[in-house]
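Asker: mmCIF, C-alpha atoms, file protein-v7.cif:
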```
data_protein
loop_
_atom_site.label_atom_id
_atom_site.label_comp_id
_atom_site.auth_asym_id
_atom_site.auth_seq_id
_atom_site.Cartn_x
_atom_site.Cartn_y
_atom_site.Cartn_z
CA MET I 92 1.73 -119.50 79.58
CA SER I 93 -1.08 -117.32 78.30
CA TYR I 94 -3.52 -118.43 75.60
CA MET I 95 -2.05 -115.85 73.22
CA ARG I 96 1.47 -117.15 73.71
CA SER I 97 0.28 -120.76 73.25
CA VAL I 98 -1.36 -119.87 69.93
CA LEU I 99 1.75 -117.94 68.88
CA PHE I 100 4.11 -120.84 69.58
CA SER I 101 1.73 -123.25 67.84
CA LEU I 102 1.76 -121.13 64.68
CA PHE I 103 5.49 -120.56 64.92
CA PHE I 104 6.63 -124.14 65.36
CA SER I 105 4.18 -125.63 62.86
CA SER I 106 5.72 -123.27 60.29
CA LEU I 107 9.26 -124.06 61.39
CA LEU I 108 8.76 -127.74 60.71
CA LEU I 109 7.79 -126.97 57.14
CA ALA I 110 10.15 -129.42 55.50
CA GLN I 111 9.60 -132.67 57.35
CA GLY I 112 7.94 -134.13 54.29
CA ARG I 113 10.12 -132.36 51.74
CA THR I 114 12.37 -134.52 49.59
CA GLU I 115 15.04 -133.68 47.06
CA VAL I 116 13.68 -133.96 43.52
CA ILE I 117 16.37 -135.20 41.16
CA PRO I 118 15.34 -134.62 37.54
CA SER I 119 15.88 -137.27 34.90
CA SER I 120 18.57 -136.53 32.33
CA GLU I 121 17.63 -139.33 29.92
CA GLY I 122 16.95 -136.87 27.13
CA LEU I 123 20.49 -135.53 27.30
CA LEU I 124 22.44 -138.75 27.49
CA ASN I 125 22.27 -140.22 24.02
CA ARG I 126 23.66 -137.42 21.90
CA ILE I 127 27.01 -135.81 21.34
CA GLN I 128 27.89 -132.24 20.44
CA PRO I 129 30.66 -131.07 18.12
CA SER I 130 32.52 -129.13 20.78
CA PRO I 131 35.10 -130.04 23.45
CA PHE I 132 34.12 -127.21 25.75
CA PHE I 133 31.82 -127.17 28.75
CA ILE I 134 30.76 -123.54 28.19
CA THR I 135 29.54 -122.85 24.65
CA THR I 136 27.05 -120.57 22.94
CA ALA I 137 24.97 -123.59 21.92
CA PRO I 138 23.63 -126.45 24.07
CA VAL I 139 26.22 -129.15 24.71
CA THR I 140 26.61 -132.45 26.50
CA ALA I 141 30.15 -133.46 27.49
CA GLN I 142 31.62 -136.30 29.54
CA CYS I 143 34.78 -136.55 31.58
CA HIS I 144 36.10 -139.97 32.64
CA PHE I 145 38.31 -140.46 35.69
CA SER I 146 40.34 -143.60 36.29
CA ALA I 147 40.36 -145.17 39.73
CA ASP I 148 44.13 -144.80 39.71
CA GLY I 149 43.75 -141.07 39.27
CA LEU I 150 41.27 -141.02 42.15
CA ARG I 151 43.52 -142.99 44.48
CA ASN I 152 43.45 -140.18 47.07
CA LEU I 153 39.70 -140.64 47.49
CA ARG I 154 38.23 -143.16 49.89
CA PRO I 155 34.85 -144.85 49.47
CA GLY I 156 32.38 -142.71 51.38
CA ASP I 157 34.13 -139.41 50.57
CA LEU I 158 31.87 -136.71 49.16
CA ILE I 159 32.42 -134.99 45.82
CA THR I 160 30.72 -131.64 46.35
CA GLY I 161 31.56 -129.68 43.21
CA PHE I 162 34.39 -128.72 40.89
CA ASP I 163 36.43 -125.71 39.81
CA PHE I 164 37.24 -124.57 36.28
CA ARG I 165 40.42 -122.97 35.06
CA GLY I 166 41.28 -121.65 31.62
CA ALA I 167 42.66 -123.90 28.88
CA THR I 168 44.93 -121.21 27.49
CA PRO I 169 45.34 -118.60 30.22
CA GLY I 170 45.68 -115.05 29.00
CA ALA I 171 43.79 -111.98 30.11
CA ALA I 172 41.12 -112.36 32.76
CA GLY I 173 37.75 -113.41 31.37
CA PRO I 174 35.00 -113.53 30.43
CA PRO I 175 34.57 -109.85 29.52
CA ALA I 176 30.84 -109.90 30.34
CA PHE I 177 28.46 -111.93 32.47
CA VAL I 178 27.66 -115.37 31.05
CA SER I 179 24.22 -116.79 31.81
CA ILE I 180 23.08 -120.37 31.23
CA THR I 181 19.43 -121.28 31.76
CA ASN I 182 20.12 -124.84 32.89
CA PHE I 183 23.47 -126.39 33.82
CA GLU I 184 23.08 -130.04 34.77
CA VAL I 185 25.79 -132.27 36.23
CA THR I 186 25.52 -136.06 36.48
CA LEU I 187 28.04 -138.32 38.24
CA GLY I 188 28.22 -142.08 38.24
CA THR I 189 30.32 -145.21 38.09
CA ALA I 190 31.76 -146.29 34.77
CA SER I 191 30.19 -149.23 32.97
CA GLY I 192 33.52 -150.47 31.63
CA ALA I 193 37.19 -149.72 31.27
CA ILE I 194 38.08 -146.07 30.76
CA ASN I 195 39.76 -146.78 27.43
CA ARG I 196 36.60 -148.42 26.14
CA MET I 197 34.21 -145.50 26.79
CA GLY I 198 31.92 -144.92 23.84
CA ASN I 199 30.17 -141.97 22.23
CA VAL I 200 26.70 -143.08 23.36
CA PHE I 201 26.98 -141.33 26.66
CA GLY I 202 24.21 -143.21 28.46
CA ASN I 203 26.05 -146.48 27.90
CA ASN I 204 29.10 -145.21 29.79
CA PHE I 205 27.25 -145.16 33.14
CA ALA I 206 26.78 -148.22 35.31
CA THR I 207 25.06 -146.05 37.93
CA ARG I 208 24.34 -142.34 37.84
CA GLN I 209 22.97 -139.47 39.95
CA VAL I 210 22.02 -135.92 38.96
CA VAL I 211 23.85 -133.73 41.49
CA ARG I 212 23.12 -130.29 40.09
CA SER I 213 20.43 -128.78 37.88
CA GLY I 214 19.38 -125.19 37.32
CA PRO I 215 20.60 -121.76 36.20
CA PHE I 216 24.31 -120.98 36.21
CA GLY I 217 26.05 -117.63 35.93
CA ILE I 218 29.71 -116.77 35.38
CA ALA I 219 30.83 -113.36 36.59
CA PRO I 220 32.99 -111.08 34.42
CA ASN I 221 36.75 -111.66 34.81
CA SER I 222 36.21 -114.66 37.10
CA LEU I 223 38.78 -116.68 35.11
CA PRO I 224 42.13 -115.40 36.39
CA PRO I 225 44.77 -114.08 33.98
CA SER I 226 48.13 -115.71 33.30
CA GLY I 227 50.43 -115.73 36.29
CA ALA I 228 47.65 -115.55 38.88
CA THR I 229 48.57 -117.07 42.23
CA ASP I 230 45.32 -119.05 42.21
CA PRO I 231 44.35 -120.08 38.65
CA TRP I 232 40.97 -121.56 39.65
CA GLY I 233 38.22 -119.05 39.00
CA ILE I 234 34.82 -120.72 38.50
CA PHE I 235 33.24 -122.99 41.10
CA VAL I 236 30.30 -125.27 40.31
CA GLU I 237 28.63 -126.28 43.58
CA PHE I 238 26.48 -129.42 43.63
CA ASP I 239 22.92 -129.37 44.97
CA VAL I 240 23.50 -132.79 46.53
CA PRO I 241 26.87 -134.45 47.10
CA TYR I 242 28.04 -137.51 45.22
CA VAL I 243 29.19 -140.30 47.51
CA TYR I 244 32.25 -141.92 45.96
CA THR I 245 31.99 -145.72 46.08
CA GLY I 246 35.32 -146.57 44.42
CA GLY I 247 36.29 -147.45 40.88
CA ASP I 248 36.27 -145.40 37.70
CA LEU I 249 34.10 -142.29 37.65
CA VAL I 250 32.10 -140.57 34.90
CA ILE I 251 31.12 -136.89 35.10
CA GLN I 252 28.69 -135.50 32.56
CA ILE I 253 27.83 -131.86 32.00
CA ALA I 254 24.82 -130.88 29.91
CA HIS I 255 23.76 -127.27 29.48
CA THR I 256 21.48 -125.10 27.40
CA GLY I 257 24.18 -122.78 26.04
CA SER I 258 25.26 -119.27 26.97
CA GLY I 259 23.88 -117.62 23.85
CA THR I 260 26.68 -115.05 23.98
CA GLN I 261 30.20 -116.51 23.99
CA ASN I 262 32.35 -119.62 24.30
CA LEU I 263 34.75 -120.03 27.19
CA ASN I 264 37.81 -122.14 26.53
CA ILE I 265 37.53 -124.23 29.67
CA GLY I 266 36.82 -127.87 29.96
CA ILE I 267 37.62 -131.41 30.73
CA THR I 268 41.04 -132.26 32.13
CA THR I 269 41.61 -132.51 35.85
CA ASP I 270 44.15 -131.07 38.20
CA PRO I 271 46.74 -133.91 38.27
CA GLY I 272 46.68 -133.78 42.07
CA PHE I 273 43.06 -134.91 42.05
CA ALA I 274 42.38 -137.15 39.09
CA ARG I 275 43.08 -138.01 35.48
CA SER I 276 40.49 -137.68 32.76
CA ALA I 277 39.95 -139.27 29.41
CA VAL I 278 40.39 -136.67 26.72
CA ASP I 279 40.68 -137.19 23.01
CA THR I 280 38.72 -136.38 19.87
CA LEU I 281 35.53 -137.94 21.21
CA PHE I 282 33.82 -134.56 21.19
CA GLN I 283 34.66 -133.96 17.56
CA SER I 284 34.24 -137.43 16.06
CA THR I 285 32.20 -140.60 16.31
CA ARG I 286 35.04 -142.83 17.46
CA SER I 287 33.76 -145.55 19.73
CA ASN I 288 36.97 -145.81 21.77
CA PHE I 289 39.60 -143.42 23.01
CA LEU I 290 42.55 -143.34 25.37
CA PRO I 291 43.10 -141.33 28.56
CA GLY I 292 45.13 -138.19 28.05
CA ASP I 293 46.39 -135.13 29.88
CA GLY I 294 46.69 -131.48 28.87
CA GLY I 295 44.27 -128.85 27.72
CA PRO I 296 41.75 -127.12 29.98
CA PHE I 297 41.39 -128.08 33.63
CA LEU I 298 38.71 -129.20 36.04
CA ARG I 299 39.39 -129.77 39.75
CA LEU I 300 37.12 -131.85 41.94
CA ARG I 301 36.04 -130.57 45.37
CA ILE I 302 36.29 -133.37 47.92
CA GLN I 303 35.37 -133.63 51.59
CA PRO I 304 35.23 -136.56 54.02
CA ALA I 305 31.90 -138.17 54.81
CA GLY I 306 29.82 -135.87 56.99
CA PRO I 307 27.37 -132.97 56.69
CA TYR I 308 26.82 -131.35 53.32
CA PHE I 309 24.60 -128.60 51.94
CA SER I 310 24.86 -126.13 49.07
CA GLY I 311 24.48 -122.37 49.04
CA LYS I 312 21.11 -122.48 47.33
CA SER I 313 19.77 -124.97 49.91
CA VAL I 314 19.90 -122.24 52.60
CA THR I 315 16.41 -120.74 52.68
CA ASN I 316 14.24 -118.16 54.39
CA GLY I 317 12.28 -120.27 56.89
CA ALA I 318 8.96 -118.58 56.10
CA SER I 319 9.02 -118.05 52.33
CA GLY I 320 11.41 -120.83 51.31
CA ARG I 321 13.32 -118.27 49.24
CA LEU I 322 16.64 -119.83 48.20
CA GLY I 323 20.18 -118.70 48.80
CA THR I 324 19.79 -115.75 51.17
CA ILE I 325 20.24 -115.15 54.88
CA SER I 326 19.48 -111.82 56.55
CA PRO I 327 20.22 -110.64 60.11
CA GLY I 328 17.87 -112.30 62.61
CA ALA I 329 16.08 -114.33 59.92
CA ILE I 330 14.62 -117.68 60.90
CA SER I 331 16.32 -119.86 58.29
CA THR I 332 16.32 -123.49 57.18
CA LEU I 333 19.01 -125.35 55.29
CA TYR I 334 18.67 -128.71 53.54
CA GLY I 335 21.32 -131.30 52.87
CA THR I 336 22.65 -134.66 54.04
CA GLY I 337 24.25 -135.78 57.28
CA LEU I 338 23.29 -132.55 59.04
CA GLY I 339 22.02 -134.07 62.27
CA PRO I 340 20.49 -137.11 63.94
CA ALA I 341 18.04 -139.49 62.24
CA GLU I 342 15.25 -138.40 64.57
CA LEU I 343 14.14 -134.79 64.87
CA ALA I 344 15.95 -133.00 67.73
CA LEU I 345 14.33 -129.79 68.99
CA GLY I 346 16.38 -126.87 70.25
CA THR I 347 16.34 -126.04 73.92
CA LEU I 348 16.28 -122.94 76.09
CA ASN I 349 19.14 -122.03 78.42
CA GLU I 350 18.81 -122.73 82.14
CA ALA I 351 17.25 -119.34 82.75
CA GLY I 352 14.66 -119.97 80.04
CA THR I 353 15.53 -116.69 78.37
CA ALA I 354 17.16 -117.76 75.08
CA PHE I 355 17.57 -120.66 72.66
CA THR I 356 20.91 -122.43 72.82
CA THR I 357 23.26 -122.85 69.85
CA GLU I 358 23.02 -126.65 69.59
CA ALA I 359 20.28 -129.19 68.88
CA GLY I 360 20.86 -132.92 68.52
CA GLY I 361 24.62 -132.38 68.35
CA THR I 362 24.31 -129.92 65.44
CA ARG I 363 25.74 -126.39 65.45
CA VAL I 364 25.46 -123.69 62.79
CA LEU I 365 28.18 -121.04 62.46
CA VAL I 366 27.51 -117.91 60.44
CA ASP I 367 30.75 -116.05 59.74
CA GLY I 368 32.10 -117.89 62.78
CA VAL I 369 29.26 -116.85 65.11
CA ALA I 370 27.25 -119.72 66.63
CA ALA I 371 23.59 -119.30 65.72
CA PRO I 372 20.58 -120.32 67.83
CA VAL I 373 19.41 -123.73 66.54
CA LEU I 374 15.67 -124.44 66.61
CA TYR I 375 15.81 -128.06 65.45
CA SER I 376 18.02 -130.47 63.53
CA THR I 377 17.64 -133.74 61.73
CA ARG I 378 19.56 -135.64 59.09
CA GLY I 379 18.22 -133.69 56.13
CA GLN I 380 17.64 -130.20 57.53
CA VAL I 381 18.46 -127.69 60.24
CA SER I 382 16.51 -124.61 61.33
CA PHE I 383 18.44 -121.75 62.89
CA ILE I 384 18.29 -117.99 63.42
CA ALA I 385 20.89 -115.90 61.63
CA PRO I 386 23.02 -113.84 64.05
CA TYR I 387 22.32 -110.11 64.05
CA ALA I 388 26.10 -109.53 63.83
CA ILE I 389 26.01 -110.18 60.06
CA ASN I 390 24.18 -106.89 59.49
CA GLY I 391 25.99 -104.88 56.82
CA LYS I 392 27.66 -107.85 55.11
CA ALA I 393 26.87 -108.64 51.48
CA ALA I 394 27.73 -112.35 51.81
CA VAL I 395 28.49 -114.66 54.72
CA SER I 396 29.90 -118.10 55.34
CA VAL I 397 27.43 -120.65 56.72
CA ALA I 398 28.87 -123.81 58.28
CA VAL I 399 27.22 -126.85 59.88
CA GLU I 400 29.05 -128.97 62.45
CA TYR I 401 27.83 -132.44 63.36
CA ASN I 402 29.71 -135.31 64.99
CA GLY I 403 33.05 -133.58 64.60
CA ALA I 404 32.67 -132.99 60.85
CA HIS I 405 31.61 -129.81 59.09
CA SER I 406 30.50 -128.37 55.77
CA SER I 407 30.39 -124.73 54.71
CA THR I 408 29.31 -122.49 51.86
CA LEU I 409 28.88 -118.80 51.01
CA VAL I 410 25.41 -117.24 50.99
CA ALA I 411 24.16 -113.78 49.99
CA SER I 412 23.16 -111.61 52.96
CA PRO I 413 20.69 -108.78 52.26
CA ALA I 414 19.97 -106.41 55.14
CA ALA I 415 16.35 -107.62 55.16
CA ASP I 416 14.41 -110.41 53.46
CA PRO I 417 10.73 -109.98 54.37
CA ALA I 418 8.59 -113.12 54.48
CA LEU I 419 5.37 -114.30 56.12
CA PHE I 420 4.63 -117.70 57.62
CA THR I 421 1.69 -119.53 56.07
CA ALA I 422 -0.73 -122.21 57.23
CA ASN I 423 0.50 -124.81 54.74
CA GLN I 424 4.17 -124.05 55.50
CA SER I 425 4.93 -123.22 51.84
CA GLY I 426 5.26 -119.44 52.10
CA ARG I 427 2.20 -119.09 49.87
CA GLY I 428 -1.56 -119.20 50.38
CA GLN I 429 -3.40 -118.73 53.67
CA GLY I 430 -1.18 -116.85 56.10
CA ALA I 431 -0.46 -117.96 59.66
CA ILE I 432 -2.59 -115.08 60.91
CA LEU I 433 -4.48 -114.30 64.11
CA ASN I 434 -7.77 -112.44 64.13
CA GLN I 435 -8.43 -109.61 66.57
CA ASP I 436 -9.81 -112.08 69.16
CA ALA I 437 -6.57 -114.16 68.93
CA SER I 438 -8.32 -116.95 67.01
CA ILE I 439 -6.63 -118.38 63.92
CA ASN I 440 -7.74 -116.81 60.65
CA SER I 441 -9.12 -119.26 58.08
CA ALA I 442 -11.89 -119.64 55.54
CA ALA I 443 -14.06 -120.95 58.39
CA ASN I 444 -13.02 -118.06 60.64
CA PRO I 445 -12.50 -114.92 58.51
CA ALA I 446 -11.57 -111.45 59.75
CA ALA I 447 -13.99 -108.53 59.68
CA PRO I 448 -13.16 -105.41 57.65
CA GLY I 449 -11.94 -102.71 60.03
CA SER I 450 -10.60 -105.25 62.55
CA ILE I 451 -6.94 -105.82 63.41
CA ILE I 452 -5.16 -108.97 62.27
CA VAL I 453 -1.72 -110.17 63.34
CA LEU I 454 0.76 -111.40 60.73
CA TYR I 455 3.87 -113.39 61.64
CA GLY I 456 7.00 -113.41 59.55
CA THR I 457 10.76 -113.15 59.59
CA GLY I 458 13.49 -111.33 57.70
CA ALA I 459 12.91 -107.83 59.08
CA GLY I 460 16.66 -107.37 59.55
CA GLN I 461 18.48 -105.64 62.39
CA MET I 462 16.33 -104.08 65.11
CA SER I 463 16.40 -101.08 67.44
CA PRO I 464 17.25 -101.73 70.23
CA GLY I 465 19.60 -104.23 68.63
CA GLY I 466 18.35 -107.81 68.40
CA VAL I 467 19.84 -110.37 70.79
CA ASP I 468 20.45 -113.77 69.19
CA GLY I 469 18.01 -116.43 70.38
CA GLN I 470 16.48 -114.24 73.09
CA ILE I 471 12.87 -114.71 74.20
CA VAL I 472 11.54 -111.19 73.70
CA GLY I 473 10.09 -109.31 76.64
CA GLY I 474 10.16 -105.96 78.39
CA THR I 475 10.08 -102.50 76.87
CA PRO I 476 10.79 -100.97 74.52
CA LEU I 477 10.09 -103.79 72.08
CA PRO I 478 12.65 -103.96 69.24
CA ARG I 479 11.51 -102.39 65.96
CA PRO I 480 13.12 -102.91 62.52
CA LEU I 481 15.79 -100.44 61.45
CA ALA I 482 14.42 -100.66 57.90
CA GLN I 483 11.44 -98.34 57.60
CA PRO I 484 8.60 -98.17 56.87
CA THR I 485 6.64 -101.45 56.99
CA VAL I 486 4.04 -101.28 54.21
CA VAL I 487 1.16 -103.75 53.87
CA THR I 488 -1.66 -103.93 51.36
CA ILE I 489 -4.72 -106.16 51.70
CA GLY I 490 -6.88 -106.75 48.65
CA GLY I 491 -4.89 -104.08 46.82
CA GLN I 492 -5.69 -101.41 49.42
CA ASN I 493 -3.17 -99.83 51.79
CA ALA I 494 -3.62 -101.19 55.30
CA THR I 495 -2.72 -99.26 58.45
CA VAL I 496 0.22 -100.90 60.23
CA GLU I 497 -0.47 -100.51 63.95
CA TYR I 498 2.72 -102.32 65.05
CA SER I 499 5.77 -103.85 63.37
CA GLY I 500 8.48 -105.40 65.51
CA ALA I 501 9.55 -108.30 67.67
CA ALA I 502 6.85 -110.73 68.84
CA PRO I 503 6.51 -110.52 72.65
CA GLY I 504 7.04 -113.90 74.31
CA ALA I 505 8.61 -115.46 71.21
CA VAL I 506 12.17 -115.81 70.00
CA ALA I 507 13.98 -112.81 68.51
CA GLY I 508 13.73 -113.09 64.73
CA LEU I 509 10.00 -113.79 64.71
CA TRP I 510 8.42 -110.64 63.27
CA GLN I 511 4.94 -109.52 64.34
CA ILE I 512 2.89 -107.08 62.25
CA ASN I 513 -0.46 -105.82 63.54
CA VAL I 514 -2.52 -104.54 60.62
CA ARG I 515 -5.98 -103.00 60.39
CA VAL I 516 -8.05 -104.56 57.60
CA PRO I 517 -9.29 -101.80 55.25
CA ALA I 518 -12.99 -101.09 55.61
CA GLY I 519 -15.20 -102.02 52.69
CA LEU I 520 -13.22 -105.03 51.48
CA PRO I 521 -15.47 -107.65 49.90
CA SER I 522 -15.83 -111.11 51.38
CA ASN I 523 -13.04 -113.32 50.01
CA ASN I 524 -11.32 -116.35 51.51
CA ASN I 525 -8.19 -115.63 49.45
CA THR I 526 -7.66 -111.89 49.75
CA PRO I 527 -4.06 -111.13 48.68
CA ILE I 528 -1.53 -109.52 51.02
CA THR I 529 1.65 -107.71 49.98
CA LEU I 530 4.46 -106.78 52.37
CA ARG I 531 7.38 -104.41 52.01
CA ILE I 532 9.92 -103.13 54.55
CA GLY I 533 12.07 -100.18 53.58
CA ASN I 534 13.50 -100.93 50.13
CA PHE I 535 12.98 -104.71 50.47
CA GLY I 536 10.08 -106.55 48.87
CA PRO I 537 7.34 -106.62 47.94
CA LEU I 538 6.44 -110.07 49.20
CA THR I 539 3.40 -111.53 47.43
CA GLY I 540 1.52 -114.83 47.34
CA VAL I 541 0.11 -114.80 50.91
CA THR I 542 -3.64 -114.48 51.51
CA VAL I 543 -6.10 -113.76 54.35
CA ALA I 544 -9.76 -114.70 54.73
CA ILE I 545 -12.11 -111.68 54.94
CA ARG I 546 -15.81 -111.96 55.73
#
```
Go ahead and render the structure in this file as structure tokens.

Answerer:
Amino acid sequence: MSYMRSVLFSLFFSSLLLAQGRTEVIPSSEGLLNRIQPSPFFITTAPVTAQCHFSADGLRNLRPGDLITGFDFRGATPGAAGPPAFVSITNFEVTLGTASGAINRMGNVFGNNFATRQVVRSGPFGIAPNSLPPSGATDPWGIFVEFDVPYVYTGGDLVIQIAHTGSGTQNLNIGITTDPGFARSAVDTLFQSTRSNFLPGDGGPFLRLRIQPAGPYFSGKSVTNGASGRLGTISPGAISTLYGTGLGPAELALGTLNEAGTAFTTEAGGTRVLVDGVAAPVLYSTRGQVSFIAPYAINGKAAVSVAVEYNGAHSSTLVASPAADPALFTANQSGRGQGAILNQDASINSAANPAAPGSIIVLYGTGAGQMSPGGVDGQIVGGTPLPRPLAQPTVVTIGGQNATVEYSGAAPGAVAGLWQINVRVPAGLPSNNNTPITLRIGNFGPLTGVTVAIR
């Protein structure tokens, strides 16, 4: 293997392993637990905290170890489809836990109702217009709340708490009773009074738990661009990483090449990734994350299904699929700061080894989208002509000045999906170890936040 190819693979794989030290940060919800709002609804114009209590009897179809991965809403009083306009909530936080006492003794100090608790979702939440079906719809469930991390059911009574910052625009009459096929919730005037006790009840709006057996789990927003870390998108040929639980073996398992040494296989450590049913090349897998390359066949699709299979179990979710999602690999594996860049002499660019104005530097990224000739999933690129992005043109600025792009396409000797951009540094740029780079391809971008060292 040539020196150039060795350097290229070193840059590439150090960036791929960007999340080995990454952990899930679960925010504290202490500030939301000890207050009660005068509304029974989960979606209101004002901030609200609401609890839903499930008896173990109502959860009898669940087994300890099963995963609760989200829930669906349906309308309390179905009528016309709603809401009429998009509803946006800045922060929608969901906490699950075991009950501290009997369901009929739950109190109005919400924190006291938990014996154990875990924040499973936190962040913005949007509800599309007319996503609540009208009366008579075949499927009455219209709004799905997907958890960031699954809740592992351990048995017993269950408490679900929803706290949000308010829609600011409209109330939605949806809320806190479960689909009788899944569970039974405690509903009474707790949300409109200060009663310390209340009895389980049925009726009113509905909430349906999403359950799956123990096994792999990840959410839509945990699928990321492998270079930038951008959440919730997957473009054709993009080197991608997804985070979750139970995705692969405890120890890191690297992907392998086929017998001919010409392409990555679609399995690593017993883990497979299927994108709209197409097996994707897998670069590595471990318990908390998997890196794969999105199949080129998804080109032209607005959203795709992403599924992980491990040890006979699987998990899946829907992810947005733009035609391109430009991103550059960086030295610190964050998608920001010093780029994973080669100088003209094939040495690694850094503050100690800056590039000269007028010289050519080589950027490495992913997310260029479909290529011409068409990209081949997992293939080690070689031969001529080298694939070039369908999206045109590739535009780069360095230090705010337009830079001449000498080449934009597949990286020779590397896996398809790794994007190489040869750029001439504008003459006259001042010395700066953190000179900003922007990148755009066609109508996609600009990417910002990456820098290069210039002498």

Asker: Record the distance separating CA of Ala341 (chain I) and CA of Pro307 (chain I), expressed in Å with one decimal.

Answerer: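 Separating CA of Ala341 (chain I) from CA of Pro307 (chain I) is a distance of 12.7 Å.
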
Asker: So, with only C-alpha atoms as the atoms that count, which of I:Asn440, I:Thr488, I:Ala501, I:Asp163 lies closest to Pro476 (chain I)?

Answerer: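 Result for the nearest residue to Pro476 (chain I): I:Ala501.
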
Asker: Translate the PyMOL selection byres ((chain I and resi 347-355) around 7) into a concrete residue list for this structure, as a ChimeraX atom specification.

Answerer: /I:345-346,356-357,372,469-471

Asker: Using all atoms listed in the file, determine which residues lie at most 12 Å from Thr475 (chain I), disregarding the query and same-chain residues fewer than 2 positions distant; provide the list as a PyMOL selection string.

Answerer: chain I and resi 463-464+472-473+477-479+500-503

Asker: Tell me which residues the PyMOL selection byres ((chain I and resi 442-444) around 12) grabs here, as an mmCIF file with C-alpha atoms, in the coordinates of the input.

Answerer:
```cif
data_model
loop_
_atom_site.group_PDB
_atom_site.id
_atom_site.type_symbol
_atom_site.label_atom_id
_atom_site.label_comp_id
_atom_site.auth_asym_id
_atom_site.auth_seq_id
_atom_site.Cartn_x
_atom_site.Cartn_y
_atom_site.Cartn_z
ATOM 1 C CA ALA I 422 -0.730 -122.210 57.230
ATOM 2 C CA GLY I 428 -1.560 -119.200 50.380
ATOM 3 C CA GLN I 429 -3.400 -118.730 53.670
ATOM 4 C CA GLY I 430 -1.180 -116.850 56.100
ATOM 5 C CA ILE I 432 -2.590 -115.080 60.910
ATOM 6 C CA LEU I 433 -4.480 -114.300 64.110
ATOM 7 C CA ASN I 434 -7.770 -112.440 64.130
ATOM 8 C CA GLN I 435 -8.430 -109.610 66.570
ATOM 9 C CA ASP I 436 -9.810 -112.080 69.160
ATOM 10 C CA ALA I 437 -6.570 -114.160 68.930
ATOM 11 C CA SER I 438 -8.320 -116.950 67.010
ATOM 12 C CA ILE I 439 -6.630 -118.380 63.920
ATOM 13 C CA ASN I 440 -7.740 -116.810 60.650
ATOM 14 C CA SER I 441 -9.120 -119.260 58.080
ATOM 15 C CA PRO I 445 -12.500 -114.920 58.510
ATOM 16 C CA ALA I 446 -11.570 -111.450 59.750
ATOM 17 C CA ALA I 447 -13.990 -108.530 59.680
ATOM 18 C CA SER I 522 -15.830 -111.110 51.380
ATOM 19 C CA ASN I 523 -13.040 -113.320 50.010
ATOM 20 C CA ASN I 524 -11.320 -116.350 51.510
ATOM 21 C CA ASN I 525 -8.190 -115.630 49.450
ATOM 22 C CA THR I 526 -7.660 -111.890 49.750
ATOM 23 C CA THR I 542 -3.640 -114.480 51.510
ATOM 24 C CA VAL I 543 -6.100 -113.760 54.350
ATOM 25 C CA ALA I 544 -9.760 -114.700 54.730
ATOM 26 C CA ILE I 545 -12.110 -111.680 54.940
ATOM 27 C CA ARG I 546 -15.810 -111.960 55.730
#
```

Asker: Pull out every residue that the PyMOL selection byres ((chain I and resi 174-191) around 6) matches in the shown coordinates and put them as a PyMOL selection string.

Answerer: chain I and resi 173+192+204-221+248-258

Asker: Write out as JSON an axis-aligned box for region 450-467 of chain I: all of its atoms listed in the file, 6 Å added on each side, centre and edge lengths in Å with one decimal.

Answerer:
```
{"center_x": 4.6, "center_y": -107.2, "center_z": 64.2, "size_x": 42.4, "size_y": 24.3, "size_z": 25.1}
```

Asker: Please list as a PyMOL selection string every residue within 6 Å of region 405-407 of chain I, counting only C-alpha atoms and excluding residues in the same chain fewer than 4 positions away.

Answerer: chain I and resi 307-308+397-400

Asker: I'd like the interatomic distance between CA of Glu342 (chain I) and CA of Gln303 (chain I), to a tenth of an Å.

Answerer: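 Taking CA of Glu342 (chain I) and CA of Gln303 (chain I), their separation equals 24.4 Å.
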
Asker: Could you state the separation of CA of Lys312 (chain I) and CA of Thr140 (chain I) in Å, given to one decimal place?

Answerer: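 Separation of CA of Lys312 (chain I) and CA of Thr140 (chain I): 23.7 Å.
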
Asker: Using all atoms listed in the file, determine which residues lie at most 9 Å from Ala171 (chain I), disregarding the query and same-chain residues fewer than 6 positions distant; provide the list as a list in words.

Answerer: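 Counting all atoms listed in the file, the residues come to Asn221, Leu223, Pro224, Pro225 and Ser226 of chain I.
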
Asker: Here is a test: counting only C-alpha atoms, which residue of I:Gly247, I:Ile159, I:Val200, I:Tyr455 is nearest to Arg299 (chain I)?

Answerer: I:Ile159

Asker: Here is a test: counting all atoms listed in the file, which residue of I:Ala494, I:Leu322, I:Ala305, I:Leu333 is nearest to Asn402 (chain I)?

Answerer: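 Using all atoms listed in the file, Asn402 (chain I) sits closest to I:Ala305.
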
Asker: Rank I:Lys392, I:Arg154, I:Arg531, I:Arg196 by their smallest atom-to-atom distance to Thr485 (chain I), using only C-alpha atoms, and report the top residue only.

Answerer: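 The closest residue to Thr485 (chain I) is I:Arg531.
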
Asker: What's the 9 Å shell around Ala418 (chain I), counting all atoms listed in the file, without same-chain residues fewer than 6 positions away, as an MDAnalysis selection string?

Answerer: chainID I and resid 316:321 426 455:459 530 536 538:539

Asker: Quick one: residues within 12 Å of Pro340 (chain I), all atoms listed in the file counted, chain neighbours fewer than 2 positions away excluded, as a list in words?

Answerer: Gly306, Pro307, Thr336, Gly337, Leu338, Glu342, Leu343, Ala344, Leu345, Ala359, Gly360, Gly361, Thr362, Tyr375, Ser376, Thr377, Arg378, Gly379, Gln380, Val381, Glu400, Tyr401 and Asn402 of chain I
